[in-house]
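Accompanying notes for the structure given below.
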Amino acid sequence: MIARSRAVLAAAVLAATLPVAGPAAAWGAKAESAIVSTALALLSKGGAVPLTRLEREVREGALSADQQLREMIPALATGALAGIESEMALLQAVRGERIDPYYAHRLGALGKLVARATAPMADAPTVYRNLYYADVEKALSGAALETRARRAVDPGAYLPPLMAEAARNDAAIEREYQAGIGFKGVAGTAFARDVNRSVAAVADVWFTVLSGGAPAGAVSEAQRRDYVLRAYRFYIDRGNSAELDAMAERLAAITPHTTDMQVRVGDLYYEAGMAERAIREYEAVLAREPGRKEVSDRIAAYYVAQGERAMDTERLESARDLFARAADANPLHPEAERMRLDADARIGARNQRQEMNRALVARAQGIQGEAEQEALRGRFAEAVALLRQAEQTYREVSDEFPAEATTRDRAVRDIAFQLQEYRGALLTNALAFSGAGADFDLRAAARERGRELDRQILEGIARDAYAEALARAGERARPGGG
Amino acid sequence: MIQCPYCPSPHRNGICNACGVDLRKGPVGCKQCPGNLKSGDIVCLKCGLNLLTGQRIAPGQGVVRERKPFPWAAVGLVAAVLVLLGAAGGGAAWLLLRDPVAEARRMAREGRALEAIGKLQEHLQAKADDHGARHFLGELQYQAQDFTSAVTTLDTVAAADPANEQAALLALAAAAKLPGDAGRGRQTAALRRLAENQPGNAEYRHWLGLALAAGGDHAGASEAFDAALAVDPGFRQARFHRGVARALRGDYDGAAEDLLAGQGAISETALAAVDGLRGDEDRAGLRLAATAAEADAAARRRHGALLLARGEVEEALGLLRARPGETDTPASQYLQALALQAIGLDIEAMQLHQVVSESGGAVAGAAAAQLAELFLAQGDLTRANEYTRRAAAQQRGARVLTIEGRIRLAEGEAEQAGRLFREAIALEPGYAPAHLEHGLYQVSRNNLVEGVRALEQFLALSRADGDSPRLNEIEMLVSQLRQTVGERSAS
């Protein structure tokens, strides 16, 4: 049963498609897009498939350029019908439980193919065909939409009659355009029917695919892989990380990923600036096939590049780790190990400088503490001298290490205040130095006594020698000699 | 000082330490007869009493004899016997009695030395030129420990008989037994005699030099050593001791040259002493450190004083402390106290300073000054004043004046303090602490320009004397003061 009605929805959908521009072909870009969108609306309204959420992706798919379509669907090379059949079989084969955005995109592209296949004037001379399609686009907003129940179709049987029906008025339309009647003639009269035919064809084809009613064609692994890779590119271009993660799982279910596919996915990531994801893919490849030199080269090159960036920003530990990972990935990398050693040496030198700076800060803090202690004891001159020493030590701390440099700046400010305070106290406590000449007295006393001891030593030598002489004289002078 | 009439020793309290006679009992006379005694007598020539042994060796004049009835019969009998025996023994007795020296020798052999001395003295009164008898008398006097007489007797012999070296040597040995300055004088005289009598003997000249040096006559000592070296130019000991004498005379270059003749640690110690006396303390320190293991107490203390002056206080203290068997001197105690003070052990330092200040020795005043400073630092102005007075009693030099000034300042008598500081500087311009206190006093009176000048003078003097941690502080103070003076001038 076919129910005919004018649907406001159709007008809205068709109007919404108008700003979309694209290269002219078959219906023309706007018309094709409008037909696809209208078909989508029909299909969703019928409740067969909830595609409204993915309308944008469907429309984008419908706007795919011819070249893109030819790359996407290689079977188009043998004819539109073959292309449509091939795409229908593929989409039916890869469909999961839910329709994902890329799938919707491909549906849009399929819709475009179907719309184009069912468009009038497809084989007419370009001049009249273009005139016709231009007029169609002007008339689109006024087209009445026919709704009817969707059905699964066999494209091989379903589409050729529709294509023939669409071409039935081509000659008349061409003549009328040649005669200057243009769209006011047969073209205008058949316009609504022609559009509705295409819309219905698109909707039926989609319905067939989505309901699993398409004839099971041979879908090769190559097709699946190509689908998966294009899906990756699609999602990568969208740049949604969470979506990518979710879809990676979904896509993995479509076909087992070969290492070549993983490399390609890695490349896609890499080209899109998602280097970390790319490296994960490459590393997964290496885990599966350690001998993949081109992959290890890419990993190493990546880590080396990352390492160089880290070096430039003085993130030396990161740089060292990155160079080490590069060398791990490709032990024969000409630079990785040298750069790792270089980073290591720079880390060592930097750590040494940092230690030196820390030691300077610690020493300066110690001296400052001593100064404060001296001040507490009322020895302000010593405190001032120590503060100057501390300040000098702080000033040796470099700007290289922010924590130490901040400590230095704060301490130098503090010292300036302390110096002012202690200098004032020094003058008011001058009498505290009374008795400081004790060292002079001590030295003088020690020297004076020392000189006395010098004399005593010499006198002692003479005295001892004389006592010895007397003892000897006593021995020689034994009584009895007279 | 009183000269003992029995011996040449001086004494103070009335009892002669040398011979034990109590002079407080009045004029000295023989205990057994009214005869007077001369200085140095040990036998009363009047009654023959040996004052040392109490024996009477010959009857003296005035001896009281008992009157008895004349026994004519016995006399006749005895006379007959004597006549008979006289013929037999007379010859031998005559022989003995006609040579008193031989008799004295016999007496000496029999242990009757004092009798022999009396005999010889009697003999020499009659025959003064019997040098042999006199030499023998000298020996007996020496043996009887009558060293004063022995010296006189033997020197007389040596003077009369220059060839008699033994007499001169024994005179020296006897003089060596005599105490005090008189003894040293006799020793020197004996040595001069020896040197004169034995002109070819370098050793006696060396000994004479040592005697003179020990007596403090370093010029005379140097001459004696010169004479010894003139006789024997290779006499190393004489050269070494001449070095000692030269050093004590202040001839340090000559001393250093001579002292090289010495050997071992004693030579290095003596050279260190010379270095110290001429102010080359670094070199002295090196020498003393090199001989530290063999150093005697004096050398060790000297080393300690040197380290103390350098500020190596703890090591100095170890050297200054007396070792077992050694005795501390006030000077070494004073140095120990300074070291203790320098390391902050003020209580221990004060205890030692008190001991030294009460010793009355040469360093008592210095110790009292230290105590005054310590009490001042403790705020005990009463005791600080007391010890300042004690120090001033010994010598009121720049140091004591400076301490007095500080005390006055602490007592609030600023004007008086300022006067005392100025007085100290005038008395001893090189005394740095006086400039310091004067400078601080001026700063406290807001006379910054004069204060700075005085403090700069203190710094200059102190820096020349040696470094000190507090000098940096004072330098800092001066720097701040200069800045303030500049700011005031600018405004």
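Every chain in the structure tokens has a letter given in the order shown (A, B, ...), and although residue numbers restart at 1 in each chain, ligands are simply numbered from 1 in the order shown.
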
Mind running chain B against chain A at 6 Å and telling me each contacting residue's nearest atom pair with the distance in Å (one decimal), counting only C-alpha atoms, chain and number ascending, as a Markdown table?
```
| residue | atom | partner | partner_atom | distance |
| --- | --- | --- | --- | --- |
| B:His135 | CA | A:Gly482 | CA | 5.5 |
| B:Phe136 | CA | A:Gly482 | CA | 5.5 |
| B:Glu139 | CA | A:Pro479 | CA | 5.3 |
| B:Gln166 | CA | A:Ala477 | CA | 5.7 |
| B:Leu169 | CA | A:Ala477 | CA | 5.2 |
| B:Leu170 | CA | A:Ala477 | CA | 4.8 |
| B:Ala173 | CA | A:Gly474 | CA | 4.9 |
| B:Leu210 | CA | A:Tyr466 | CA | 5.1 |
| B:Ala214 | CA | A:Arg463 | CA | 5.0 |
| B:Val244 | CA | A:Leu458 | CA | 5.8 |
| B:Ala273 | CA | A:Asp454 | CA | 4.4 |
| B:Leu277 | CA | A:Arg451 | CA | 5.6 |
| B:Arg302 | CA | A:Gly450 | CA | 5.6 |
| B:Ala305 | CA | A:Ala446 | CA | 5.2 |
| B:Ala309 | CA | A:Arg443 | CA | 4.3 |
| B:Pro433 | CA | A:Gly437 | CA | 4.7 |
| B:Glu437 | CA | A:Ser434 | CA | 6.0 |
| B:Leu440 | CA | A:Leu431 | CA | 5.7 |
| B:Glu473 | CA | A:Ala381 | CA | 4.6 |
| B:Met476 | CA | A:Ala381 | CA | 5.5 |
```

Could you give me, as a compact mmCIF listing (two decimals) with all heavy atoms, in the first residue's frame, the residues within 10 Å of His123 of chain B, counting only C-alpha atoms and dropping anything in the same chain fewer than 6 positions from it?
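out.txt, freshly written:
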```txt
# COMPACT_ATOMS: atom_id res chain seq x y z
N ASP B 99 158.06 16.88 115.86
CA ASP B 99 157.35 17.03 114.58
C ASP B 99 155.84 17.03 114.85
O ASP B 99 155.18 15.98 114.84
CB ASP B 99 157.70 15.89 113.63
CG ASP B 99 157.09 16.11 112.26
OD1 ASP B 99 156.32 17.11 112.07
OD2 ASP B 99 157.32 15.29 111.35
N PRO B 100 155.24 18.20 115.11
CA PRO B 100 153.81 18.25 115.43
C PRO B 100 152.93 17.80 114.28
O PRO B 100 151.84 17.31 114.48
CB PRO B 100 153.57 19.73 115.75
CG PRO B 100 154.73 20.46 115.20
CD PRO B 100 155.88 19.52 115.12
N VAL B 101 153.43 17.95 113.05
CA VAL B 101 152.60 17.53 111.90
C VAL B 101 152.44 16.01 111.91
O VAL B 101 151.34 15.48 111.72
CB VAL B 101 153.24 18.00 110.57
CG1 VAL B 101 152.44 17.50 109.38
CG2 VAL B 101 153.35 19.52 110.56
N ALA B 104 150.09 15.21 114.50
CA ALA B 104 148.72 15.47 114.07
C ALA B 104 148.21 14.37 113.15
O ALA B 104 147.05 13.97 113.20
CB ALA B 104 148.67 16.82 113.35
N ILE B 117 143.71 18.98 114.50
CA ILE B 117 143.52 20.36 114.00
C ILE B 117 144.15 21.35 114.97
O ILE B 117 144.88 22.28 114.58
CB ILE B 117 142.01 20.63 113.80
CG1 ILE B 117 141.50 19.89 112.58
CG2 ILE B 117 141.74 22.13 113.66
CD1 ILE B 117 139.99 19.86 112.44
N ASP B 130 154.64 26.67 106.81
CA ASP B 130 154.62 25.23 106.59
C ASP B 130 153.36 24.90 105.78
O ASP B 130 152.27 24.62 106.30
CB ASP B 130 154.61 24.48 107.93
CG ASP B 130 154.72 22.98 107.75
OD1 ASP B 130 154.57 22.52 106.55
OD2 ASP B 130 154.91 22.26 108.73
N ALA B 133 151.74 21.49 106.25
CA ALA B 133 150.93 21.39 107.47
C ALA B 133 149.60 22.10 107.26
O ALA B 133 148.54 21.63 107.65
CB ALA B 133 151.69 22.01 108.63
N ARG B 134 149.66 23.23 106.58
CA ARG B 134 148.43 24.00 106.38
C ARG B 134 147.47 23.25 105.46
O ARG B 134 146.26 23.24 105.66
CB ARG B 134 148.77 25.38 105.81
CG ARG B 134 147.62 26.37 105.92
CD ARG B 134 148.02 27.74 105.46
NE ARG B 134 149.01 28.37 106.30
CZ ARG B 134 148.75 28.99 107.45
NH1 ARG B 134 147.52 29.07 107.91
NH2 ARG B 134 149.72 29.54 108.15
```

Handout entry: For segment 249-256 of chain B: contacts at 7 Å, only C-alpha atoms, fewer than 5 positions along chain excluded, given as a ChimeraX atom specification
Key = /B:218-219,243-244,271,274,278

Practice task
Work out how far atom CA of Val400 of chain B is from atom CA of Gly439 of chain B, in Å to one decimal.
Solution key: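 Taking atom CA of Gly439 of chain B and atom CA of Val400 of chain B, their separation equals 17.4 Å.
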
Problem - Using only C-alpha atoms: which of A:Ala375, A:Glu396, A:Thr208, A:Tyr269 has the shortest distance to Gln418 of chain A - result: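 Comparing A:Ala375, A:Glu396, A:Thr208, A:Tyr269 against Gln418 of chain A, the winner is A:Ala375.
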
Practice task
Could you give me, as a ChimeraX atom specification, the residues within 9 Å of Pro162 of chain B, counting only C-alpha atoms and dropping anything in the same chain fewer than 3 positions from it?
Solution key: /B:157-159,165,168,193-194,196-198

Practice task
Tell me which of A:Glu60, A:Arg197, A:Ala41, A:Arg70 sits closest to Ala117 of chain A, counting only C-alpha atoms.
Solution key: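 Closest residue, counting only C-alpha atoms: A:Arg197.
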
Fill in the blank from the handout: re atom CA of Ala139 of chain A and atom CA of Arg56 of chain A: distance 23.3 Å
